[in-house]
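Have a look at final.csv below; it lists CSV, C-alpha atoms.
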chain,number,residue,atom,x,y,z
A,1,MET,CA,69.0,48.0,79.9
A,2,PHE,CA,71.1,50.6,81.7
A,3,SER,CA,74.4,50.4,79.7
A,4,TYR,CA,73.7,53.5,77.5
A,5,ARG,CA,75.2,56.7,78.8
A,6,HIS,CA,74.8,59.9,76.8
A,7,ALA,CA,78.0,61.2,78.3
A,8,PHE,CA,79.8,59.1,75.7
A,9,HIS,CA,78.0,60.8,72.9
A,10,ALA,CA,77.6,64.4,74.1
A,11,GLY,CA,78.4,67.0,71.4
A,12,ASN,CA,78.4,64.5,68.5
A,13,HIS,CA,76.8,65.3,65.1
A,14,ALA,CA,73.4,64.0,66.3
A,15,ASP,CA,73.5,66.6,69.1
A,16,VAL,CA,74.3,69.3,66.6
A,17,LEU,CA,71.2,68.4,64.7
A,18,LYS,CA,68.9,67.8,67.8
A,19,HIS,CA,70.0,70.9,69.7
A,20,THR,CA,69.9,73.2,66.7
A,21,ALA,CA,66.4,72.1,66.0
A,22,LEU,CA,65.4,72.3,69.7
A,23,LEU,CA,66.6,75.9,70.0
A,24,ALA,CA,64.8,76.9,66.8
A,25,VAL,CA,61.6,75.4,68.1
A,26,LEU,CA,61.9,77.0,71.5
A,27,ARG,CA,62.9,80.4,70.2
A,28,HIS,CA,59.6,80.5,68.4
A,29,MET,CA,57.5,79.1,71.2
A,30,THR,CA,58.8,81.5,73.8
A,31,GLN,CA,57.7,84.5,71.8
A,32,LYS,CA,54.2,84.1,73.2
A,33,ASP,CA,53.5,85.2,76.8
A,34,THR,CA,51.3,82.3,77.6
A,35,ALA,CA,52.8,79.7,80.0
A,36,LEU,CA,54.8,76.9,78.3
A,37,ASN,CA,55.2,73.4,79.6
A,38,VAL,CA,58.3,71.5,78.3
A,39,PHE,CA,58.8,67.7,78.8
A,40,ASP,CA,62.0,65.9,78.2
A,41,THR,CA,61.3,62.2,78.3
A,42,HIS,CA,64.9,61.0,78.3
A,43,ALA,CA,66.8,63.8,80.0
A,44,GLY,CA,70.2,62.2,80.7
A,45,ALA,CA,72.6,63.9,83.1
A,46,GLY,CA,71.8,67.3,81.8
A,47,LEU,CA,75.4,68.7,81.6
A,48,TYR,CA,78.6,67.0,80.3
A,49,ARG,CA,82.3,67.5,80.4
A,50,LEU,CA,84.0,67.1,77.0
A,51,ASP,CA,87.3,66.7,78.7
A,52,GLY,CA,85.9,63.9,81.0
A,53,ASP,CA,86.6,60.2,80.7
A,54,TYR,CA,83.3,59.3,79.0
A,55,ALA,CA,83.5,61.9,76.2
A,56,GLN,CA,87.3,61.4,75.6
A,57,THR,CA,86.8,57.6,75.4
A,58,SER,CA,84.4,57.9,72.5
A,59,GLY,CA,85.8,61.1,71.0
A,60,GLU,CA,82.4,61.8,69.3
A,61,ALA,CA,82.4,65.5,70.1
A,62,ALA,CA,85.5,65.8,67.9
A,63,ASP,CA,83.4,64.9,64.9
A,64,GLY,CA,80.5,67.0,66.0
A,65,TYR,CA,80.4,70.3,68.0
A,66,LEU,CA,84.2,70.7,68.2
A,67,LYS,CA,84.6,70.0,64.4
A,68,LEU,CA,81.9,72.6,63.7
A,69,LEU,CA,83.7,75.0,65.9
A,70,ALA,CA,87.1,74.4,64.3
A,71,ALA,CA,85.6,74.7,60.8
A,72,ILE,CA,84.3,78.2,61.3
A,73,ALA,CA,87.3,79.3,63.4
A,74,PRO,CA,86.8,81.0,66.8
A,75,PRO,CA,87.3,84.6,65.6
A,76,ALA,CA,84.5,84.2,63.1
A,77,SER,CA,82.1,82.8,65.7
A,78,ILE,CA,83.0,85.7,68.0
A,79,GLU,CA,82.4,88.4,65.4
A,80,ASN,CA,79.3,87.1,63.8
A,81,LYS,CA,76.2,88.6,65.3
A,82,PRO,CA,74.1,86.0,67.1
A,83,VAL,CA,70.3,85.6,66.8
A,84,ALA,CA,69.6,86.7,70.4
A,85,PRO,CA,71.9,89.6,71.2
A,86,ALA,CA,70.8,89.8,74.8
A,87,ASN,CA,71.3,86.2,75.8
A,88,GLN,CA,74.2,84.7,77.8
A,89,ALA,CA,75.8,83.5,74.7
A,90,GLN,CA,76.4,87.1,73.6
A,91,THR,CA,78.0,87.9,77.0
A,92,ALA,CA,80.3,84.9,76.6
A,93,MET,CA,81.2,85.9,73.0
A,94,ASP,CA,81.8,89.6,74.0
A,95,SER,CA,84.1,88.4,76.7
A,96,ALA,CA,86.0,86.2,74.3
A,97,ALA,CA,86.4,89.0,71.9
A,98,ALA,CA,87.7,91.4,74.6
A,99,LYS,CA,90.3,88.9,75.6
A,100,THR,CA,91.5,88.1,72.1
A,101,PRO,CA,95.1,89.3,71.6
A,102,ALA,CA,95.6,92.0,68.9
A,103,ALA,CA,97.8,89.7,66.9
A,104,ALA,CA,95.1,87.0,66.9
A,105,LYS,CA,92.5,89.5,65.8
A,106,GLY,CA,94.7,90.5,62.8
A,107,ALA,CA,95.5,87.0,61.9
A,108,LYS,CA,94.2,85.5,58.6
A,109,LYS,CA,91.1,83.6,59.2
A,110,PRO,CA,89.6,80.7,57.2
A,111,SER,CA,86.4,81.7,55.6
A,112,PRO,CA,84.3,78.6,54.6
A,113,VAL,CA,81.2,80.7,54.4
A,114,ALA,CA,80.3,84.4,54.5
A,115,ALA,CA,78.2,83.9,57.6
A,116,LEU,CA,76.7,81.1,59.5
A,117,ALA,CA,73.0,80.3,59.3
A,118,PRO,CA,71.2,82.0,62.2
A,119,ALA,CA,70.0,78.8,63.8
A,120,LEU,CA,73.5,77.3,63.6
A,121,GLN,CA,75.1,80.5,65.1
A,122,ASP,CA,72.5,80.4,67.8
A,123,TYR,CA,73.5,76.8,68.6
A,124,LEU,CA,77.2,77.7,68.9
A,125,ASP,CA,76.4,80.8,71.0
A,126,MET,CA,74.3,78.7,73.3
A,127,VAL,CA,77.1,76.2,74.0
A,128,ALA,CA,79.6,79.0,74.4
A,129,SER,CA,77.4,80.5,77.1
A,130,PHE,CA,78.2,77.5,79.3
A,131,ASN,CA,81.9,77.9,79.0
A,132,LYS,CA,84.6,80.4,79.9
A,133,ALA,CA,86.0,82.5,77.1
A,134,GLY,CA,88.2,80.3,74.9
A,135,SER,CA,87.2,77.1,76.6
A,136,HIS,CA,85.0,74.3,75.2
A,137,LYS,CA,85.0,71.8,78.0
A,138,VAL,CA,81.3,71.9,79.0
A,139,TYR,CA,78.5,70.7,76.8
A,140,PRO,CA,74.9,71.4,77.8
A,141,GLY,CA,72.3,68.6,77.3
A,142,SER,CA,68.7,69.3,76.4
A,143,PRO,CA,67.6,70.1,80.0
A,144,PHE,CA,70.1,73.0,80.4
A,145,ILE,CA,69.4,74.3,76.9
A,146,ILE,CA,65.7,74.3,77.6
A,147,HIS,CA,66.2,76.0,81.0
A,148,HIS,CA,68.4,78.6,79.3
A,149,LEU,CA,65.5,79.8,77.3
A,150,LEU,CA,62.9,79.5,80.0
A,151,GLN,CA,64.8,81.0,82.9
A,152,GLU,CA,63.4,84.5,82.5
A,153,ARG,CA,59.8,83.2,82.2
A,154,ASP,CA,58.7,82.2,85.8
A,155,ARG,CA,55.3,81.0,84.4
A,156,ASP,CA,56.9,78.2,82.4
A,157,ARG,CA,57.5,74.6,83.7
A,158,LEU,CA,60.1,72.0,82.7
A,159,LYS,CA,59.7,68.3,83.6
A,160,LEU,CA,62.7,66.0,83.2
A,161,PHE,CA,62.3,62.3,83.1
A,162,GLU,CA,65.3,60.0,83.5
A,163,ILE,CA,65.1,56.3,84.5
A,164,HIS,CA,68.8,55.5,84.4
A,165,PRO,CA,69.7,55.4,88.2
A,166,THR,CA,73.1,57.1,87.9
A,167,ASP,CA,72.1,59.7,85.3
A,168,ALA,CA,68.9,60.5,87.3
A,169,LYS,CA,71.1,61.2,90.4
A,170,THR,CA,73.5,63.3,88.4
A,171,LEU,CA,70.7,65.2,86.7
A,172,ALA,CA,69.1,66.0,90.1
A,173,ALA,CA,72.4,67.3,91.4
A,174,ASN,CA,73.1,69.4,88.3
A,175,ILE,CA,69.6,70.9,88.3
A,176,ALA,CA,69.8,71.7,92.1
A,177,GLN,CA,72.6,74.1,91.3
A,178,LEU,CA,70.3,76.2,89.3
A,179,ASN,CA,68.1,77.0,92.3
A,180,ALA,CA,65.1,76.9,89.9
A,181,GLY,CA,62.6,76.0,92.5
A,182,ARG,CA,59.3,74.5,91.3
A,183,SER,CA,59.9,75.6,87.7
A,184,ILE,CA,61.9,72.4,87.1
A,185,ALA,CA,61.0,68.9,88.3
A,186,VAL,CA,63.3,65.9,88.0
A,187,LEU,CA,61.4,62.7,87.9
A,188,PRO,CA,63.2,59.3,88.0
A,189,GLU,CA,60.5,57.7,85.9
A,190,ASP,CA,59.9,56.0,82.6
A,191,GLY,CA,59.3,59.0,80.4
A,192,PHE,CA,57.3,57.0,77.9
A,193,GLU,CA,54.6,56.2,80.5
A,194,ALA,CA,55.0,59.2,82.9
A,195,LEU,CA,54.2,61.7,80.2
A,196,LYS,CA,50.6,60.6,80.0
A,197,LYS,CA,49.6,62.1,83.4
A,198,PHE,CA,50.7,65.5,82.3
A,199,LEU,CA,48.8,65.9,79.0
A,200,PRO,CA,47.1,68.1,78.3
A,201,PRO,CA,48.8,70.7,80.4
A,202,PRO,CA,46.8,73.5,82.1
A,203,SER,CA,48.0,76.2,79.8
A,204,ARG,CA,47.4,74.1,76.7
A,205,ARG,CA,50.9,75.0,75.4
A,206,ALA,CA,53.6,72.4,75.5
A,207,LEU,CA,56.7,71.0,73.8
A,208,VAL,CA,57.6,67.3,74.2
A,209,LEU,CA,61.1,66.2,73.4
A,210,CYS,CA,61.6,62.5,73.0
A,211,ASP,CA,65.1,61.2,72.4
A,212,PRO,CA,65.6,57.7,73.8
A,213,SER,CA,68.9,55.8,73.3
A,214,TYR,CA,67.2,53.2,70.9
A,215,GLU,CA,69.7,50.8,72.6
A,216,ILE,CA,66.9,48.3,72.8
A,217,LYS,CA,64.6,47.6,69.8
A,218,SER,CA,61.5,48.1,71.9
A,219,ASP,CA,62.3,51.9,72.0
A,220,TYR,CA,61.1,52.2,68.4
A,221,PRO,CA,57.5,50.9,68.9
A,222,ARG,CA,57.4,52.7,72.3
A,223,VAL,CA,58.0,56.0,70.6
A,224,VAL,CA,55.2,55.4,68.2
A,225,GLU,CA,52.9,54.3,71.0
A,226,MET,CA,53.7,57.4,73.1
A,227,MET,CA,53.2,59.7,70.2
A,228,THR,CA,49.9,58.1,69.2
A,229,ASP,CA,48.6,58.4,72.8
A,230,SER,CA,50.0,62.0,73.2
A,231,VAL,CA,48.4,63.5,70.1
A,232,LYS,CA,45.0,62.0,71.1
A,233,ARG,CA,45.3,63.5,74.6
A,234,PHE,CA,46.7,66.8,73.4
A,235,PRO,CA,46.6,67.3,69.6
A,236,THR,CA,47.8,70.9,69.6
A,237,GLY,CA,51.1,70.2,71.4
A,238,THR,CA,54.4,70.4,69.6
A,239,TYR,CA,56.2,67.0,69.6
A,240,MET,CA,59.9,66.5,68.6
A,241,VAL,CA,61.4,63.0,68.3
A,242,TRP,CA,65.1,62.4,67.6
A,243,TYR,CA,66.0,59.1,65.9
A,244,PRO,CA,69.1,57.4,64.6
A,245,ILE,CA,69.5,56.5,60.9
A,246,ILE,CA,71.2,53.1,61.0
A,247,PRO,CA,70.9,49.9,59.0
A,248,ARG,CA,68.0,48.5,61.1
A,249,PRO,CA,64.4,48.1,59.8
A,250,GLN,CA,62.9,49.7,62.9
A,251,ALA,CA,65.0,52.8,62.4
A,252,HIS,CA,63.9,53.3,58.8
A,253,ASP,CA,60.3,52.6,59.7
A,254,LEU,CA,60.1,55.1,62.6
A,255,PRO,CA,59.8,58.3,60.6
A,256,ARG,CA,57.5,56.7,58.1
A,257,LYS,CA,55.2,55.6,61.0
A,258,LEU,CA,55.3,59.1,62.6
A,259,LYS,CA,54.4,60.6,59.2
A,260,THR,CA,51.5,58.2,58.9
A,261,LEU,CA,50.3,59.2,62.4
A,262,ALA,CA,50.5,62.9,61.7
A,263,ASN,CA,48.7,62.6,58.3
A,264,ARG,CA,46.0,60.4,59.9
A,265,GLU,CA,45.4,63.0,62.6
A,266,LYS,CA,45.6,65.8,60.1
A,267,LEU,CA,48.5,67.5,61.9
A,268,PRO,CA,51.4,69.3,60.2
A,269,TRP,CA,54.8,67.7,60.5
A,270,LEU,CA,58.4,68.2,59.6
A,271,ASN,CA,61.2,65.7,59.2
A,272,ALA,CA,64.9,66.8,59.0
A,273,THR,CA,67.9,64.5,58.6
A,274,LEU,CA,71.6,65.0,58.7
A,275,THR,CA,74.1,62.5,57.2
A,276,VAL,CA,77.8,62.9,57.8
A,277,LYS,CA,79.3,59.7,56.5
A,278,SER,CA,78.6,56.3,54.8
A,279,SER,CA,76.8,53.5,56.7
A,280,LYS,CA,78.9,50.9,55.0
A,281,LEU,CA,81.4,48.7,56.8
A,282,GLY,CA,85.1,49.6,56.3
A,283,HIS,CA,88.4,47.9,56.9
A,284,ASP,CA,91.6,49.1,58.6
A,285,ASP,CA,95.1,48.5,57.5
A,286,ALA,CA,95.2,45.1,59.1
A,287,GLY,CA,92.1,44.0,57.2
A,288,GLU,CA,89.9,44.1,60.3
A,289,VAL,CA,86.2,45.2,59.8
A,290,VAL,CA,85.6,48.7,61.0
A,291,ARG,CA,82.0,49.7,61.9
A,292,PRO,CA,81.1,53.2,60.9
A,293,GLY,CA,79.3,54.2,64.1
A,294,LEU,CA,76.3,56.5,63.7
A,295,PRO,CA,76.3,57.9,60.1
A,296,ALA,CA,73.1,60.0,60.3
A,297,SER,CA,70.1,60.9,62.4
A,298,GLY,CA,66.9,62.8,62.1
A,299,VAL,CA,64.3,64.8,64.0
A,300,PHE,CA,60.6,64.5,63.4
A,301,VAL,CA,58.4,67.3,64.6
A,302,ILE,CA,54.6,67.3,64.8
A,303,ASN,CA,53.0,70.8,64.9
A,304,PRO,CA,56.3,72.5,64.1
A,305,PRO,CA,56.7,76.3,64.1
A,306,HIS,CA,56.1,77.8,60.7
A,307,THR,CA,59.6,79.2,60.8
A,308,LEU,CA,61.4,75.8,61.4
A,309,LYS,CA,61.7,74.6,57.9
A,310,ALA,CA,63.6,77.6,56.6
A,311,ALA,CA,65.7,77.8,59.7
A,312,LEU,CA,66.8,74.1,59.5
A,313,THR,CA,67.3,74.1,55.7
A,314,ALA,CA,69.9,76.9,56.0
A,315,ALA,CA,71.5,75.4,59.1
A,316,LEU,CA,71.7,71.8,58.0
A,317,GLY,CA,73.1,72.7,54.6
A,318,GLN,CA,76.1,74.2,56.4
A,319,ALA,CA,76.3,71.6,59.1
A,320,ALA,CA,76.5,68.8,56.4
A,321,GLN,CA,79.4,70.7,54.8
A,322,PHE,CA,81.3,71.3,58.0
A,323,LEU,CA,80.8,67.9,59.6
A,324,ALA,CA,81.2,65.6,56.5
A,325,GLN,CA,83.4,62.6,57.0
A,326,GLY,CA,84.1,61.8,53.3
A,327,LYS,CA,81.8,62.4,50.3
A,328,HIS,CA,78.6,60.9,51.8
A,329,LYS,CA,77.3,64.1,53.4
A,330,ALA,CA,73.7,65.0,53.0
A,331,PHE,CA,70.7,66.7,54.6
A,332,GLU,CA,67.0,66.8,53.9
A,333,VAL,CA,64.1,68.9,55.3
A,334,GLU,CA,60.6,67.8,54.3
A,335,SER,CA,57.2,68.8,55.6
A,336,GLY,CA,53.6,68.1,55.2
A,337,GLY,CA,50.1,68.4,56.6
Would you encode the structure as structure tokens?
Amino acid sequence: MFSYRHAFHAGNHADVLKHTALLAVLRHMTQKDTALNVFDTHAGAGLYRLDGDYAQTSGEAADGYLKLLAAIAPPASIENKPVAPANQAQTAMDSAAAKTPAAAKGAKKPSPVAALAPALQDYLDMVASFNKAGSHKVYPGSPFIIHHLLQERDRDRLKLFEIHPTDAKTLAANIAQLNAGRSIAVLPEDGFEALKKFLPPPSRRALVLCDPSYEIKSDYPRVVEMMTDSVKRFPTGTYMVWYPIIPRPQAHDLPRKLKTLANREKLPWLNATLTVKSSKLGHDDAGEVVRPGLPASGVFVINPPHTLKAALTAALGQAAQFLAQGKHKAFEVESGG
């Protein structure tokens, strides 16, 4: 039950999708002054080292965040104007630009696109804000990304659930460094169940992020059960579920069941997917079977911001191009309700 560690997967193509979508949702929701409650049901350790043993063992960031970064080239990411000019990401980018040697500034740069989609640029700027100029060693998990957007809003609250003993301990230590006081609570509990006691929140504004490992098959029905219960308790909340797209019936059924739930409750929904490679088994030079790993993933959002569809359509179109591993790249953004 406790073998999954997100540190092995930090910064992979699924994180690019999930965190780009998370940022786009939160950017919209934080435009209102009313207090916002954010719940992360499977928070993980919160902060990861891409040069650490876990990340280097899997090498997944090399086909995700780092591949995206390489595709656009550092000078391009520095010079493009980010979505939020006053955020930490801009400070980090300005610092990087100031320290770029003149020869490097005048060097020929690859230009795969004229400009990055705003949501994708925002994602890159966000990760850059956690690193020194020119360095890409630190990758923020969802808890730190959420805190980044809420830190200037003392009325907001963030609750982080993590049941994995080691990750819960690491998460608590990482969060303690923020000196965030009562604005962040780390709860070593089962997020599927613990969420119930917090809905509806006093301010009647909330975002719930649910991204379990799906390491065990029971995670799939538990997501549906949690979402069914949550929308009955608090139908106006925004709910975002990440899920893998793999050759498993439960994985294919999950977005369909969430769509049925949203339609039954007459709630708007959005489903976005990103595919970077084929799901078919391959063979190496010795004839041994090679499993493809995770070929695709999706995010399903109930009560999405009205700006989300356009933002993700532009961002995922570029992400699919940059992160493709062969000809099987694809993306889709559909909505209803």
**Asked** What lies within 7 Å of Leu274 in chain A using all atoms listed in the file, ignoring chain neighbours under 2 positions off, as a count of residues only?
**Response** 11
Per residue of range 200-312 of chain A within 10 Å of range 21-44 of chain A, what are the shortest atom pair and its distance in Å to one decimal, counting all atoms listed in the file, with rows by chain and residue number, as a Markdown table?
| residue | atom | partner | partner_atom | distance |
| --- | --- | --- | --- | --- |
| A:Pro200 | CA | A:Asn37 | CA | 9.8 |
| A:Pro201 | CA | A:Asn37 | CA | 7.0 |
| A:Pro202 | CA | A:Asn37 | CA | 8.8 |
| A:Ser203 | CA | A:Ala35 | CA | 5.9 |
| A:Arg204 | CA | A:Leu36 | CA | 8.1 |
| A:Arg205 | CA | A:Leu36 | CA | 5.2 |
| A:Ala206 | CA | A:Asn37 | CA | 4.5 |
| A:Leu207 | CA | A:Val38 | CA | 4.8 |
| A:Val208 | CA | A:Phe39 | CA | 4.8 |
| A:Leu209 | CA | A:Asp40 | CA | 4.9 |
| A:Cys210 | CA | A:Thr41 | CA | 5.3 |
| A:Asp211 | CA | A:His42 | CA | 5.9 |
| A:Pro212 | CA | A:His42 | CA | 5.6 |
| A:Ser213 | CA | A:His42 | CA | 8.2 |
| A:Gly237 | CA | A:Asn37 | CA | 9.7 |
| A:Thr238 | CA | A:Val25 | CA | 8.9 |
| A:Tyr239 | CA | A:Phe39 | CA | 9.6 |
| A:Met240 | CA | A:Leu22 | CA | 8.1 |
| A:Trp242 | CA | A:Ala21 | CA | 9.9 |
| A:Ala272 | CA | A:Ala21 | CA | 8.9 |
| A:Val299 | CA | A:Ala21 | CA | 7.9 |
| A:Phe300 | CA | A:Ala21 | CA | 9.9 |
| A:Val301 | CA | A:Val25 | CA | 9.4 |
| A:Pro304 | CA | A:Val25 | CA | 7.2 |
| A:Pro305 | CA | A:Val25 | CA | 6.4 |
| A:His306 | CA | A:His28 | CA | 8.9 |
| A:Thr307 | CA | A:His28 | CA | 7.7 |
| A:Leu308 | CA | A:Ala24 | CA | 6.5 |
| A:Lys309 | CA | A:Ala21 | CA | 9.7 |
| A:Ala311 | CA | A:Ala24 | CA | 7.2 |
| A:Leu312 | CA | A:Ala21 | CA | 6.8 |
**Prompt:** Nearest to Ala173 in chain A: which of A:Gly337, A:Gly46, A:Pro143, A:Gly326 is it, counting all atoms listed in the file?
**Reply:** A:Gly46
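CA of Leu69 in chain A to CA of Thr313 in chain A spans 19.3 Å [interatomic distance, one decimal].
Nearest residue to Ala117 in chain A among A:Ala176, A:Ile72, A:Val231, A:Ala14 is A:Ile72, counting all atoms listed in the file.
With all atoms listed in the file as the atoms that count, the minimum distance from Leu50 in chain A to the choices A:Leu68, A:Val16, A:Ala7, A:Ile184 is reached by A:Ala7.
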**Asked** Separation of CA of Leu116 in chain A and CA of Tyr65 in chain A, in Å?
**Response** 14.2 Å
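CA of Tyr48 in chain A lies 10.3 Å from CA of Leu171 in chain A.
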Range 189-229 of chain A near range 256-261 of chain A within 12 Å: what's each residue's closest atom pair and its distance in Å to one decimal, counting only C-alpha atoms, ordered by chain then ascending residue number, as CSV?
residue,atom,partner,partner_atom,distance
A:Tyr220,CA,A:Lys257,CA,10.1
A:Pro221,CA,A:Lys257,CA,9.5
A:Arg222,CA,A:Leu258,CA,11.8
A:Val223,CA,A:Leu258,CA,9.0
A:Val224,CA,A:Leu258,CA,6.7
A:Glu225,CA,A:Leu258,CA,10.0
A:Met226,CA,A:Leu258,CA,10.8
A:Met227,CA,A:Leu258,CA,7.9
A:Thr228,CA,A:Leu261,CA,6.9
A:Asp229,CA,A:Leu261,CA,10.6
Could you work out an axis-aligned box for range 155-170 of chain A, taking every atom the file lists and adding 4 Å on each side, and report centre and edge lengths in Å to one decimal, as AutoDock Vina command-line options?
--center_x 64.4 --center_y 68.2 --center_z 86.4 --size_x 26.2 --size_y 33.6 --size_z 16.0
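Among the candidates A:Thr20, A:Gln177, A:Ser183, A:Ser218, the one nearest to Leu160 in chain A when counting only C-alpha atoms is A:Ser183.
Proximity ranking of A:His252, A:Lys277, A:His19, A:His13 relative to Ala119 in chain A places A:His19 first, based on all atoms listed in the file.
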**Prompt:** Can you list, as an MDAnalysis selection string, every protein, DNA or RNA residue that comes within 7 Å of Glu189 in chain A when you count all atoms listed in the file, leaving out same-chain residues fewer than 2 positions away?
**Reply:** chainID A and resid 161:163 187 191 194
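With all atoms listed in the file as the basis for measurement, A:Ala45 is the residue among A:Ala251, A:Leu150, A:Ala45, A:Ala314 that approaches Thr166 in chain A most closely.
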